[in-house]
Amino acid sequence: MRLRFEVDVNAAHKGRRAEHKARALLEAAGYVVIRSAGSKGPIDLAAWDGVGVRLIAVKSGTRYLSALEREALALLAKPPNAVIEVWTFRDRCKGPTIERL
């Protein structure tokens, strides 16, 4: 049981680190960003500027967007000027792969 706890903590830390990287990239590009820390919802970050809103799910490592997560994002109510994106940070890759849904 202890080993599982350590793996869960490391995975959570890796995900948090990816969210912080994404936030830093968005803020450097001029966006205002909020992070839904501790949320189990489909969106990890919300970012906006004077033009539009970006609702972002962040994945790290080899994680991928499951069919249930993809469906939850597709059914998400959003304003007309918002886009939904999935940012994937792969191991040893400097920047994210961005998929717009």
# chains A, B, ... in the order shown; residues from 1 in each chain; ligands from 1

call {"tool": "select_by_dssp", "arguments": {"residues": "region 28-99 of chain A", "states": "alpha helix (DSSP H)", "output": "list in words"}}
result
Ala28, Ala67, Leu68, Glu69, Arg70, Glu71, Ala72, Leu73 and Ala74 of chain A

call {"tool": "residues_around", "arguments": {"residues": "Phe89 (chain A)", "least_positions_apart": "4", "cutoff": "10 Å", "atoms": "only C-alpha atoms", "output": "list of chain:residue names"}}
result
A:Lys14, A:Gly15, A:Arg17, A:Ala18, A:Glu19, A:Lys21, A:Ala22, A:Val58, A:Lys59, A:Ser60, A:Gly61, A:Thr62, A:Arg63, A:Cys93, A:Lys94, A:Gly95, A:Pro96, A:Thr97, A:Ile98

call {"tool": "residues_around", "arguments": {"residues": "region 72-81 of chain A", "least_positions_apart": "6", "cutoff": "9 Å", "atoms": "only C-alpha atoms", "output": "compact mmCIF listing (two decimals) with N, CA and C atoms, in the first residue's frame"}}
result
# COMPACT_ATOMS: atom_id res chain seq x y z
N GLY A 41 -12.67 18.37 -11.97
CA GLY A 41 -13.40 18.70 -13.19
C GLY A 41 -12.54 18.52 -14.43
N PRO A 42 -13.12 18.72 -15.60
CA PRO A 42 -12.40 18.48 -16.85
C PRO A 42 -11.39 19.57 -17.20
N ILE A 43 -11.52 20.76 -16.62
CA ILE A 43 -10.65 21.88 -16.96
C ILE A 43 -9.66 22.14 -15.83
N VAL A 51 -9.36 39.33 -26.11
CA VAL A 51 -10.06 38.80 -27.27
C VAL A 51 -10.89 37.57 -26.96
N GLY A 52 -10.33 36.62 -26.21
CA GLY A 52 -11.05 35.37 -26.00
C GLY A 52 -10.64 34.64 -24.74
N VAL A 53 -11.25 33.48 -24.58
CA VAL A 53 -11.04 32.64 -23.41
C VAL A 53 -10.54 31.28 -23.87
N ARG A 54 -9.57 30.73 -23.14
CA ARG A 54 -9.06 29.39 -23.41
C ARG A 54 -9.31 28.53 -22.18
N LEU A 55 -10.04 27.44 -22.34
CA LEU A 55 -10.29 26.48 -21.27
C LEU A 55 -9.38 25.28 -21.56
N ALA A 57 -7.29 21.67 -20.53
CA ALA A 57 -7.02 20.46 -19.76
C ALA A 57 -5.54 20.14 -19.98
N LEU A 101 -10.05 21.34 -29.35
CA LEU A 101 -11.24 20.51 -29.56
C LEU A 101 -12.37 21.32 -30.15

call {"tool": "closest_residue", "arguments": {"among": "A:Glu99, A:Leu65, A:Tyr31, A:Leu45", "to": "Trp87 (chain A)", "atoms": "only C-alpha atoms"}}
result
A:Glu99

call {"tool": "select_by_dssp", "arguments": {"residues": "chain A", "states": "strand (DSSP E)", "output": "list of chain:residue names"}}
result
A:Val32, A:Val33, A:Ile34, A:Arg35, A:Leu45, A:Ala46, A:Ala47, A:Trp48, A:Val53, A:Arg54, A:Leu55, A:Ile56, A:Ala57, A:Val58, A:Lys59, A:Ser60, A:Ala82, A:Val83, A:Ile84, A:Glu85, A:Val86, A:Trp87, A:Thr88, A:Phe89, A:Thr97, A:Ile98, A:Glu99, A:Arg100

call {"tool": "write_last_selection", "arguments": {"atoms": "N, CA and C atoms", "output": "short mmCIF file (atom, residue, chain, number, x, y, z; two decimals), in the first residue's frame"}}
result
data_model
loop_
_atom_site.label_atom_id
_atom_site.label_comp_id
_atom_site.auth_asym_id
_atom_site.auth_seq_id
_atom_site.Cartn_x
_atom_site.Cartn_y
_atom_site.Cartn_z
N VAL A 32 -4.34 36.30 -18.61
CA VAL A 32 -4.65 36.20 -17.18
C VAL A 32 -5.09 34.76 -16.98
N VAL A 33 -4.52 34.08 -15.99
CA VAL A 33 -4.75 32.65 -15.84
C VAL A 33 -5.21 32.31 -14.42
N ILE A 34 -6.20 31.42 -14.33
CA ILE A 34 -6.56 30.85 -13.04
C ILE A 34 -6.43 29.34 -13.15
N ARG A 35 -6.03 28.73 -12.06
CA ARG A 35 -5.85 27.28 -12.00
C ARG A 35 -6.88 26.71 -11.04
N LEU A 45 -7.04 24.74 -16.31
CA LEU A 45 -6.71 26.17 -16.37
C LEU A 45 -7.75 26.91 -17.21
N ALA A 46 -8.01 28.14 -16.82
CA ALA A 46 -8.81 29.05 -17.64
C ALA A 46 -7.95 30.29 -17.87
N ALA A 47 -7.82 30.68 -19.12
CA ALA A 47 -6.97 31.82 -19.47
C ALA A 47 -7.74 32.75 -20.40
N TRP A 48 -7.57 34.05 -20.20
CA TRP A 48 -8.25 35.00 -21.07
C TRP A 48 -7.37 36.22 -21.31
N VAL A 53 -11.25 33.48 -24.58
CA VAL A 53 -11.04 32.64 -23.41
C VAL A 53 -10.54 31.28 -23.87
N ARG A 54 -9.57 30.73 -23.14
CA ARG A 54 -9.06 29.39 -23.41
C ARG A 54 -9.31 28.53 -22.18
N LEU A 55 -10.04 27.44 -22.34
CA LEU A 55 -10.29 26.48 -21.27
C LEU A 55 -9.38 25.28 -21.56
N ILE A 56 -8.49 24.96 -20.62
CA ILE A 56 -7.40 24.05 -20.92
C ILE A 56 -7.36 22.87 -19.95
N ALA A 57 -7.29 21.67 -20.53
CA ALA A 57 -7.02 20.46 -19.76
C ALA A 57 -5.54 20.14 -19.98
N VAL A 58 -4.80 19.93 -18.89
CA VAL A 58 -3.36 19.68 -18.98
C VAL A 58 -3.08 18.21 -18.68
N LYS A 59 -2.29 17.58 -19.54
CA LYS A 59 -1.87 16.19 -19.35
C LYS A 59 -0.35 16.16 -19.32
N SER A 60 0.21 15.21 -18.58
CA SER A 60 1.67 15.13 -18.50
C SER A 60 2.13 13.70 -18.73
N ALA A 82 -14.92 31.29 -26.42
CA ALA A 82 -14.01 30.37 -25.73
C ALA A 82 -13.66 29.18 -26.61
N VAL A 83 -12.43 28.70 -26.44
CA VAL A 83 -11.99 27.47 -27.09
C VAL A 83 -11.54 26.50 -26.00
N ILE A 84 -11.70 25.22 -26.29
CA ILE A 84 -11.26 24.19 -25.37
C ILE A 84 -10.03 23.54 -25.97
N GLU A 85 -8.98 23.42 -25.15
CA GLU A 85 -7.71 22.86 -25.61
C GLU A 85 -7.22 21.80 -24.63
N VAL A 86 -6.43 20.87 -25.16
CA VAL A 86 -5.73 19.90 -24.34
C VAL A 86 -4.24 20.12 -24.56
N TRP A 87 -3.52 20.42 -23.49
CA TRP A 87 -2.08 20.62 -23.55
C TRP A 87 -1.43 19.39 -22.97
N THR A 88 -0.58 18.73 -23.75
CA THR A 88 0.12 17.53 -23.29
C THR A 88 1.61 17.82 -23.21
N PHE A 89 2.16 17.66 -22.03
CA PHE A 89 3.60 17.81 -21.81
C PHE A 89 4.20 16.41 -21.76
N THR A 97 2.27 19.87 -26.53
CA THR A 97 1.52 19.60 -27.75
C THR A 97 0.11 20.11 -27.45
N ILE A 98 -0.41 20.99 -28.31
CA ILE A 98 -1.71 21.61 -28.06
C ILE A 98 -2.72 21.09 -29.08
N GLU A 99 -3.80 20.51 -28.54
CA GLU A 99 -4.89 20.02 -29.39
C GLU A 99 -6.11 20.87 -29.09
N ARG A 100 -6.68 21.46 -30.12
CA ARG A 100 -7.89 22.26 -29.96
C ARG A 100 -9.10 21.39 -30.28
#

call {"tool": "decode", "arguments": {"residues": "region 38-87 of chain A", "atoms": "N, CA and C atoms", "output": "mmCIF file, in the first residue's frame"}}
result
data_model
loop_
_atom_site.group_PDB
_atom_site.id
_atom_site.type_symbol
_atom_site.label_atom_id
_atom_site.label_comp_id
_atom_site.auth_asym_id
_atom_site.auth_seq_id
_atom_site.Cartn_x
_atom_site.Cartn_y
_atom_site.Cartn_z
ATOM 1 N N GLY A 38 -6.939 21.256 -7.164
ATOM 2 C CA GLY A 38 -7.725 20.299 -6.387
ATOM 3 C C GLY A 38 -9.041 19.925 -7.022
ATOM 4 N N SER A 39 -9.351 20.507 -8.158
ATOM 5 C CA SER A 39 -10.616 20.215 -8.824
ATOM 6 C C SER A 39 -10.535 18.878 -9.551
ATOM 7 N N LYS A 40 -11.610 18.154 -9.544
ATOM 8 C CA LYS A 40 -11.688 16.905 -10.299
ATOM 9 C C LYS A 40 -12.476 17.111 -11.593
ATOM 10 N N GLY A 41 -12.666 18.374 -11.973
ATOM 11 C CA GLY A 41 -13.405 18.696 -13.194
ATOM 12 C C GLY A 41 -12.545 18.520 -14.426
ATOM 13 N N PRO A 42 -13.124 18.717 -15.600
ATOM 14 C CA PRO A 42 -12.400 18.483 -16.850
ATOM 15 C C PRO A 42 -11.391 19.573 -17.204
ATOM 16 N N ILE A 43 -11.523 20.756 -16.621
ATOM 17 C CA ILE A 43 -10.654 21.881 -16.963
ATOM 18 C C ILE A 43 -9.664 22.141 -15.830
ATOM 19 N N ASP A 44 -8.366 22.288 -16.195
ATOM 20 C CA ASP A 44 -7.330 22.582 -15.211
ATOM 21 C C ASP A 44 -7.010 24.070 -15.142
ATOM 22 N N LEU A 45 -7.044 24.742 -16.307
ATOM 23 C CA LEU A 45 -6.713 26.165 -16.375
ATOM 24 C C LEU A 45 -7.754 26.906 -17.205
ATOM 25 N N ALA A 46 -8.011 28.137 -16.822
ATOM 26 C CA ALA A 46 -8.814 29.053 -17.636
ATOM 27 C C ALA A 46 -7.948 30.285 -17.866
ATOM 28 N N ALA A 47 -7.819 30.679 -19.119
ATOM 29 C CA ALA A 47 -6.970 31.822 -19.469
ATOM 30 C C ALA A 47 -7.745 32.752 -20.397
ATOM 31 N N TRP A 48 -7.568 34.049 -20.203
ATOM 32 C CA TRP A 48 -8.248 35.000 -21.072
ATOM 33 C C TRP A 48 -7.373 36.220 -21.305
ATOM 34 N N ASP A 49 -7.645 36.845 -22.429
ATOM 35 C CA ASP A 49 -7.021 38.121 -22.768
ATOM 36 C C ASP A 49 -8.136 39.034 -23.256
ATOM 37 N N GLY A 50 -7.822 40.079 -23.962
ATOM 38 C CA GLY A 50 -8.842 41.002 -24.425
ATOM 39 C C GLY A 50 -9.710 40.466 -25.547
ATOM 40 N N VAL A 51 -9.356 39.328 -26.111
ATOM 41 C CA VAL A 51 -10.055 38.800 -27.272
ATOM 42 C C VAL A 51 -10.894 37.566 -26.962
ATOM 43 N N GLY A 52 -10.328 36.622 -26.211
ATOM 44 C CA GLY A 52 -11.045 35.368 -26.003
ATOM 45 C C GLY A 52 -10.642 34.644 -24.742
ATOM 46 N N VAL A 53 -11.246 33.482 -24.580
ATOM 47 C CA VAL A 53 -11.043 32.639 -23.408
ATOM 48 C C VAL A 53 -10.541 31.279 -23.868
ATOM 49 N N ARG A 54 -9.569 30.732 -23.136
ATOM 50 C CA ARG A 54 -9.056 29.392 -23.406
ATOM 51 C C ARG A 54 -9.306 28.534 -22.176
ATOM 52 N N LEU A 55 -10.035 27.436 -22.340
ATOM 53 C CA LEU A 55 -10.285 26.478 -21.274
ATOM 54 C C LEU A 55 -9.385 25.283 -21.562
ATOM 55 N N ILE A 56 -8.490 24.964 -20.624
ATOM 56 C CA ILE A 56 -7.396 24.046 -20.921
ATOM 57 C C ILE A 56 -7.364 22.870 -19.955
ATOM 58 N N ALA A 57 -7.285 21.673 -20.526
ATOM 59 C CA ALA A 57 -7.018 20.457 -19.762
ATOM 60 C C ALA A 57 -5.537 20.142 -19.977
ATOM 61 N N VAL A 58 -4.797 19.930 -18.895
ATOM 62 C CA VAL A 58 -3.356 19.683 -18.980
ATOM 63 C C VAL A 58 -3.080 18.214 -18.676
ATOM 64 N N LYS A 59 -2.289 17.579 -19.539
ATOM 65 C CA LYS A 59 -1.869 16.193 -19.350
ATOM 66 C C LYS A 59 -0.346 16.160 -19.324
ATOM 67 N N SER A 60 0.211 15.213 -18.577
ATOM 68 C CA SER A 60 1.668 15.129 -18.497
ATOM 69 C C SER A 60 2.127 13.696 -18.730
ATOM 70 N N GLY A 61 3.360 13.566 -19.179
ATOM 71 C CA GLY A 61 3.945 12.243 -19.401
ATOM 72 C C GLY A 61 3.243 11.503 -20.514
ATOM 73 N N THR A 62 2.899 10.261 -20.241
ATOM 74 C CA THR A 62 2.258 9.437 -21.266
ATOM 75 C C THR A 62 0.745 9.446 -21.141
ATOM 76 N N ARG A 63 0.193 10.281 -20.247
ATOM 77 C CA ARG A 63 -1.257 10.355 -20.091
ATOM 78 C C ARG A 63 -1.886 10.845 -21.388
ATOM 79 N N TYR A 64 -3.051 10.342 -21.655
ATOM 80 C CA TYR A 64 -3.800 10.766 -22.831
ATOM 81 C C TYR A 64 -5.216 11.109 -22.398
ATOM 82 N N LEU A 65 -5.944 11.717 -23.273
ATOM 83 C CA LEU A 65 -7.318 12.105 -22.987
ATOM 84 C C LEU A 65 -8.223 10.908 -23.224
ATOM 85 N N SER A 66 -8.848 10.421 -22.169
ATOM 86 C CA SER A 66 -9.734 9.263 -22.305
ATOM 87 C C SER A 66 -11.026 9.665 -23.014
ATOM 88 N N ALA A 67 -11.787 8.674 -23.438
ATOM 89 C CA ALA A 67 -13.057 8.930 -24.119
ATOM 90 C C ALA A 67 -14.024 9.672 -23.199
ATOM 91 N N LEU A 68 -14.035 9.316 -21.912
ATOM 92 C CA LEU A 68 -14.912 10.011 -20.956
ATOM 93 C C LEU A 68 -14.487 11.464 -20.768
ATOM 94 N N GLU A 69 -13.181 11.706 -20.673
ATOM 95 C CA GLU A 69 -12.699 13.083 -20.531
ATOM 96 C C GLU A 69 -13.013 13.899 -21.781
ATOM 97 N N ARG A 70 -12.827 13.288 -22.941
ATOM 98 C CA ARG A 70 -13.115 13.980 -24.210
ATOM 99 C C ARG A 70 -14.605 14.342 -24.299
ATOM 100 N N GLU A 71 -15.468 13.418 -23.877
ATOM 101 C CA GLU A 71 -16.905 13.678 -23.889
ATOM 102 C C GLU A 71 -17.283 14.783 -22.905
ATOM 103 N N ALA A 72 -16.683 14.763 -21.708
ATOM 104 C CA ALA A 72 -16.963 15.806 -20.714
ATOM 105 C C ALA A 72 -16.559 17.173 -21.236
ATOM 106 N N LEU A 73 -15.441 17.243 -21.939
ATOM 107 C CA LEU A 73 -15.004 18.515 -22.515
ATOM 108 C C LEU A 73 -15.940 18.962 -23.635
ATOM 109 N N ALA A 74 -16.388 18.026 -24.445
ATOM 110 C CA ALA A 74 -17.288 18.361 -25.555
ATOM 111 C C ALA A 74 -18.635 18.885 -25.053
ATOM 112 N N LEU A 75 -19.102 18.384 -23.908
ATOM 113 C CA LEU A 75 -20.401 18.799 -23.363
ATOM 114 C C LEU A 75 -20.316 20.031 -22.462
ATOM 115 N N LEU A 76 -19.120 20.532 -22.247
ATOM 116 C CA LEU A 76 -18.911 21.664 -21.356
ATOM 117 C C LEU A 76 -19.562 22.934 -21.902
ATOM 118 N N ALA A 77 -20.341 23.593 -21.070
ATOM 119 C CA ALA A 77 -20.939 24.875 -21.469
ATOM 120 C C ALA A 77 -19.833 25.922 -21.472
ATOM 121 N N LYS A 78 -19.761 26.681 -22.552
ATOM 122 C CA LYS A 78 -18.715 27.693 -22.659
ATOM 123 C C LYS A 78 -19.241 28.904 -23.411
ATOM 124 N N PRO A 79 -18.657 30.062 -23.163
ATOM 125 C CA PRO A 79 -19.077 31.257 -23.905
ATOM 126 C C PRO A 79 -18.663 31.147 -25.376
ATOM 127 N N PRO A 80 -19.304 31.912 -26.249
ATOM 128 C CA PRO A 80 -19.017 31.823 -27.685
ATOM 129 C C PRO A 80 -17.573 32.152 -28.056
ATOM 130 N N ASN A 81 -16.905 32.980 -27.267
ATOM 131 C CA ASN A 81 -15.529 33.362 -27.597
ATOM 132 C C ASN A 81 -14.494 32.460 -26.927
ATOM 133 N N ALA A 82 -14.918 31.290 -26.420
ATOM 134 C CA ALA A 82 -14.007 30.374 -25.731
ATOM 135 C C ALA A 82 -13.659 29.181 -26.605
ATOM 136 N N VAL A 83 -12.432 28.704 -26.436
ATOM 137 C CA VAL A 83 -11.988 27.474 -27.088
ATOM 138 C C VAL A 83 -11.542 26.499 -26.003
ATOM 139 N N ILE A 84 -11.703 25.221 -26.294
ATOM 140 C CA ILE A 84 -11.264 24.189 -25.372
ATOM 141 C C ILE A 84 -10.026 23.536 -25.968
ATOM 142 N N GLU A 85 -8.979 23.415 -25.151
ATOM 143 C CA GLU A 85 -7.711 22.860 -25.608
ATOM 144 C C GLU A 85 -7.220 21.798 -24.628
ATOM 145 N N VAL A 86 -6.431 20.874 -25.160
ATOM 146 C CA VAL A 86 -5.732 19.897 -24.339
ATOM 147 C C VAL A 86 -4.244 20.120 -24.564
ATOM 148 N N TRP A 87 -3.522 20.420 -23.490
ATOM 149 C CA TRP A 87 -2.083 20.625 -23.549
ATOM 150 C C TRP A 87 -1.426 19.386 -22.966
#
